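Colleague: Quick one: structure below, then a few questions.
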Number of protein chains: 2
Amino acid sequence: MVAGGSGKRMGTPLPKQFLKINGKAIIIYTLEKFLEFDPKIEIVLVLNDSYIEYWEMILRDSGFDYPVKIASGGETRFHSVKSGITKLEGESLVGIHDSVRPLVTVRRVYDAAEIFGGAVPCVPLKESVRQLRGDESKPLDRTLIQIVQTPQVFRSGILRKSYETNYKGTFTDDASVVEKSGYNIKLVQGDEYNLKITTPEDFEIAKILLNPQKPHLH
Amino acid sequence: MVAGGSGKRMGTPLPKQFLKINGKAIIIYTLEKFLEFDPKIEIVLVLNDSYIEYWEMILRDSGFDYPVKIASGGETRFHSVKSGITKLEGESLVGIHDSVRPLVTVRRVYDAAEIFGGAVPCVPLKESVRQLRGDESKPLDRTLIQIVQTPQVFRSGILRKSYETNYKGTFTDDASVVEKSGYNIKLVQGDEYNLKITTPEDFEIAKILLNPQKPHLH
C-alpha cells in the first residue's frame, strides 16, 4: 500500500490519504477493502517517515488493529514500492495499491494475476485527449488509450526481480517497471468507481460515494 | 449543443442526455447553464431525427421555453457539428458543447476565446495511461496529456471555414477539425467537475452533484 503522497495537489496540509470521511481516514477505508478480500493478507504500508507519528495516531483513533508493516517512502513511487518490497515475506501474489483509492474492487485483479502471473486494471478513456509538445499540442486517438488503475498485481518473484533495476524517469507505475524486465503486461477490466482521490473535487465525490447511506454505489 | 448520442454505453434505451435527475432531463440542466452565462445566447441543438418527438415531450414537461433551433444529427460528431453550424445565424463566438456535460463552467472558455479567437478547456490527467498497440500496450507520459472538455469555443468565421472540409477519422473533437485548417488551438484550464455523463457510474455521480441540497459542489 503506497501512501507516499504529500497532499500538494489537494492544497491541504495533510496528505489526502489521511483526510477523514465520516470520521474515518481514507487510508483505513482502503486497508479494509483488502482485508475484506483476504482476512489473512500481508500488508506493507509505505509511508514518508515524517508521517509515521500521524499514522500511529490514526491507528489509535480508528481502532484498526490488523498488523501492518511500515516501509519508508522514497523520492518517487518507484523508490517507495522498492522499499515496500523489501519488507514482504511471503511468496505469492503481491498487489501494489494507492492508498487514496478506497473505492477499489480487489478480487478481479488478483484472480487475473493468478492466471497470468500479473494483471493491471484499466478503464477506457471517455474524453478526447491532447498530447502537449512544447507550446503546441496534438490530438491522440482516445480509443487506443486506457487509464491504468491499481492494485497492480504480480507474482512476488516477478516483482522482486523487476525492482532490482535502477530508477528511470519512464517508471510512472509498477507495470512500467515490470515490463522493462521483459514481462508482458496483462490488462484487465478495472472499475469506473475506483476513484483516485487527488483533487478537492475528487474528495467531495469520495465523501458521497463512501457514505454508508448510499450502499448501492459501492 | 451536440446531443447525437444513442445511449449505447449507458445500457439504457434512452440516450443519456434525456435521462432525468430530480425530475429534470440532463439536457435541460445543460441548456440552463448556457442561458445563465448569456440570457440572449443563440442555441442550436443537434439531435438525431428519431429523438425529435421525444425532445418536444421533454420541452413540454420541463416548461423550458427559450427558443432552440434544431439541426439533424449526423453519422459522427463531425457531421453533427457541421449540421449545427449551418443553422447558426450570428457572427460571434460559437461554443460547441456536449449535452451530457451539465456541470459545465461556461464563462472562462468564452473569455479566453474572445482573446485568442478560440479556446479549448482541458484538465490534467491524474492517472497513468497506456496506449494499446495490437495485443500489446505501452505506457504514455501522463504529464504531457490533457483531457479535453467542452465547450470548445471559436469565432464563427474560423468554425465555418474549418468545417468546409471533408470528414477524416482523426476528427475526434472540434479542436482537431479547426487545427486541420491551420489554426492553433489554445488550451485553457477546464473544470474538474465538468463530468461527461457516459457510464452508469457517471450518472450516479451526476445525480449527487446536481442535487440542489449540495449547492457547495456546483
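Naming scheme: A, B, ... for chains in displayed order of the C-alpha cells; residues 1 onward per chain; ligands 1 onward as shown.
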Do me a favour and pick out the residues of chain B within 6 Å of chain A, using only C-alpha atoms, as a list in words.
Modeller: Ser128, Val129, Arg130, Gln131, Leu132, Leu144, Ile145, Gln146, Ile147 and Val148 of chain B
Colleague: Running DSSP on the backbone, which parts of segment 3-212 of chain B land in strand (DSSP E), as a count of residues only?
Modeller: 46
Colleague: Compile the contact shell of segment 50-64 of chain A as a PyMOL selection string: residues with an atom at most 8 Å away, counting only C-alpha atoms, same-chain residues fewer than 2 positions apart removed.
Modeller: chain A and resi 18+24-25+28+47-48+66
Colleague: Using only C-alpha atoms, pick whichever of B:Thr86, B:Thr105, B:Thr76, B:Asn194 has the shortest atom-to-atom distance to Arg160 of chain B.
Modeller: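 Selected residue with least distance to Arg160 of chain B: B:Thr86.
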Colleague: What's around Ser99 of chain A at 12 Å? Count only C-alpha atoms, leave out sequence neighbours fewer than 2 positions away in its own chain, and write the answer as a ChimeraX atom specification.
Modeller: /A:1-5,15-19,25-34,43-47,95-97,101-104,149-151,194-198
Colleague: Report, in Å to a single decimal, how far apart atom CA of Lys20 of chain A and atom CA of Ser72 of chain A are.
Modeller: 22.7 Å
Colleague: Identify all residues of chain A in helix (DSSP H, G or I) (DSSP on the backbone) and supply them as JSON, numbers by chain.
Modeller: {"A": [16, 17, 18, 26, 27, 28, 29, 30, 31, 32, 33, 34, 35, 36, 37, 49, 50, 51, 52, 53, 54, 55, 56, 57, 58, 59, 60, 61, 62, 77, 78, 79, 80, 81, 82, 83, 84, 85, 86, 87, 107, 108, 109, 110, 111, 112, 113, 114, 115, 116, 142, 143, 144, 156, 157, 158, 159, 160, 161, 162, 174, 175, 176, 177, 178, 179, 180, 200, 201, 202, 203, 204, 205, 206, 207, 208, 209, 215, 216, 217]}
Colleague: Could you give me, as a PyMOL selection string, the residues within 12 Å of Ile115 of chain A, counting only C-alpha atoms and dropping anything in the same chain fewer than 4 positions from it?
Modeller: chain A and resi 93+108-111+119+153-155+186+188
Colleague: Dump C-alpha atoms for the selected residues as a PDB file, in the first residue's frame?
Modeller:
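Wrote result-v8.pdb, looks like this:
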```pdb
ATOM      1  CA  LEU A  93       0.745 -12.581  -5.444  1.00  0.00           C
ATOM      2  CA  ARG A 108     -10.966  -9.348 -10.054  1.00  0.00           C
ATOM      3  CA  VAL A 109      -7.362  -8.242 -10.478  1.00  0.00           C
ATOM      4  CA  TYR A 110      -5.918 -10.915  -8.176  1.00  0.00           C
ATOM      5  CA  ASP A 111      -7.945 -13.571  -9.994  1.00  0.00           C
ATOM      6  CA  ALA A 119      -2.525  -8.083 -14.047  1.00  0.00           C
ATOM      7  CA  VAL A 153      -0.818  -7.381  -9.038  1.00  0.00           C
ATOM      8  CA  PHE A 154       2.219  -9.549  -9.799  1.00  0.00           C
ATOM      9  CA  ARG A 155       3.837 -12.732  -8.522  1.00  0.00           C
ATOM     10  CA  LYS A 186      -1.849  -8.197 -18.946  1.00  0.00           C
ATOM     11  CA  VAL A 188      -7.826  -6.487 -17.143  1.00  0.00           C
TER      12      VAL A 188
END
```
Colleague: What does the distance between atom CA of Pro39 of chain B and atom CA of Asp65 of chain B come to in Å, to one decimal place?
Modeller: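 Distance reported for this atom pair: 12.4 Å.
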Colleague: Just the residues within 10 Å of Ile41 of chain A, please, counting only C-alpha atoms, with nothing from its chain fewer than 4 positions along; format it as a PDB file with N, CA and C atoms, in the first residue's frame.
Modeller:
```
ATOM      1  N   PHE A  34      -8.934  -4.451   1.409  1.00  0.00           N
ATOM      2  CA  PHE A  34      -8.016  -5.573   1.189  1.00  0.00           C
ATOM      3  C   PHE A  34      -8.238  -6.680   2.226  1.00  0.00           C
ATOM      4  N   LEU A  35      -8.605  -6.290   3.422  1.00  0.00           N
ATOM      5  CA  LEU A  35      -8.915  -7.301   4.443  1.00  0.00           C
ATOM      6  C   LEU A  35     -10.214  -8.030   4.135  1.00  0.00           C
ATOM      7  N   GLU A  36     -11.149  -7.327   3.550  1.00  0.00           N
ATOM      8  CA  GLU A  36     -12.391  -7.989   3.113  1.00  0.00           C
ATOM      9  C   GLU A  36     -12.069  -9.044   2.063  1.00  0.00           C
ATOM     10  N   PHE A  37     -11.142  -8.710   1.178  1.00  0.00           N
ATOM     11  CA  PHE A  37     -10.747  -9.636   0.105  1.00  0.00           C
ATOM     12  C   PHE A  37     -10.027 -10.850   0.685  1.00  0.00           C
ATOM     13  N   TYR A  66      -5.305  -4.545  12.767  1.00  0.00           N
ATOM     14  CA  TYR A  66      -4.665  -5.599  11.981  1.00  0.00           C
ATOM     15  C   TYR A  66      -3.181  -5.245  11.835  1.00  0.00           C
ATOM     16  N   PRO A  67      -2.269  -6.227  11.899  1.00  0.00           N
ATOM     17  CA  PRO A  67      -0.847  -5.876  11.800  1.00  0.00           C
ATOM     18  C   PRO A  67      -0.469  -5.323  10.418  1.00  0.00           C
ATOM     19  N   VAL A  68       0.207  -4.191  10.414  1.00  0.00           N
ATOM     20  CA  VAL A  68       0.645  -3.536   9.178  1.00  0.00           C
ATOM     21  C   VAL A  68       2.131  -3.225   9.336  1.00  0.00           C
ATOM     22  N   GLY A  90       6.134 -13.123   2.339  1.00  0.00           N
ATOM     23  CA  GLY A  90       5.532 -14.265   1.655  1.00  0.00           C
ATOM     24  C   GLY A  90       5.989 -14.386   0.207  1.00  0.00           C
ATOM     25  N   VAL A  94       1.438 -10.280  -5.176  1.00  0.00           N
ATOM     26  CA  VAL A  94       1.582  -9.008  -4.468  1.00  0.00           C
ATOM     27  C   VAL A  94       0.806  -7.934  -5.234  1.00  0.00           C
TER      28      VAL A  94
END
```
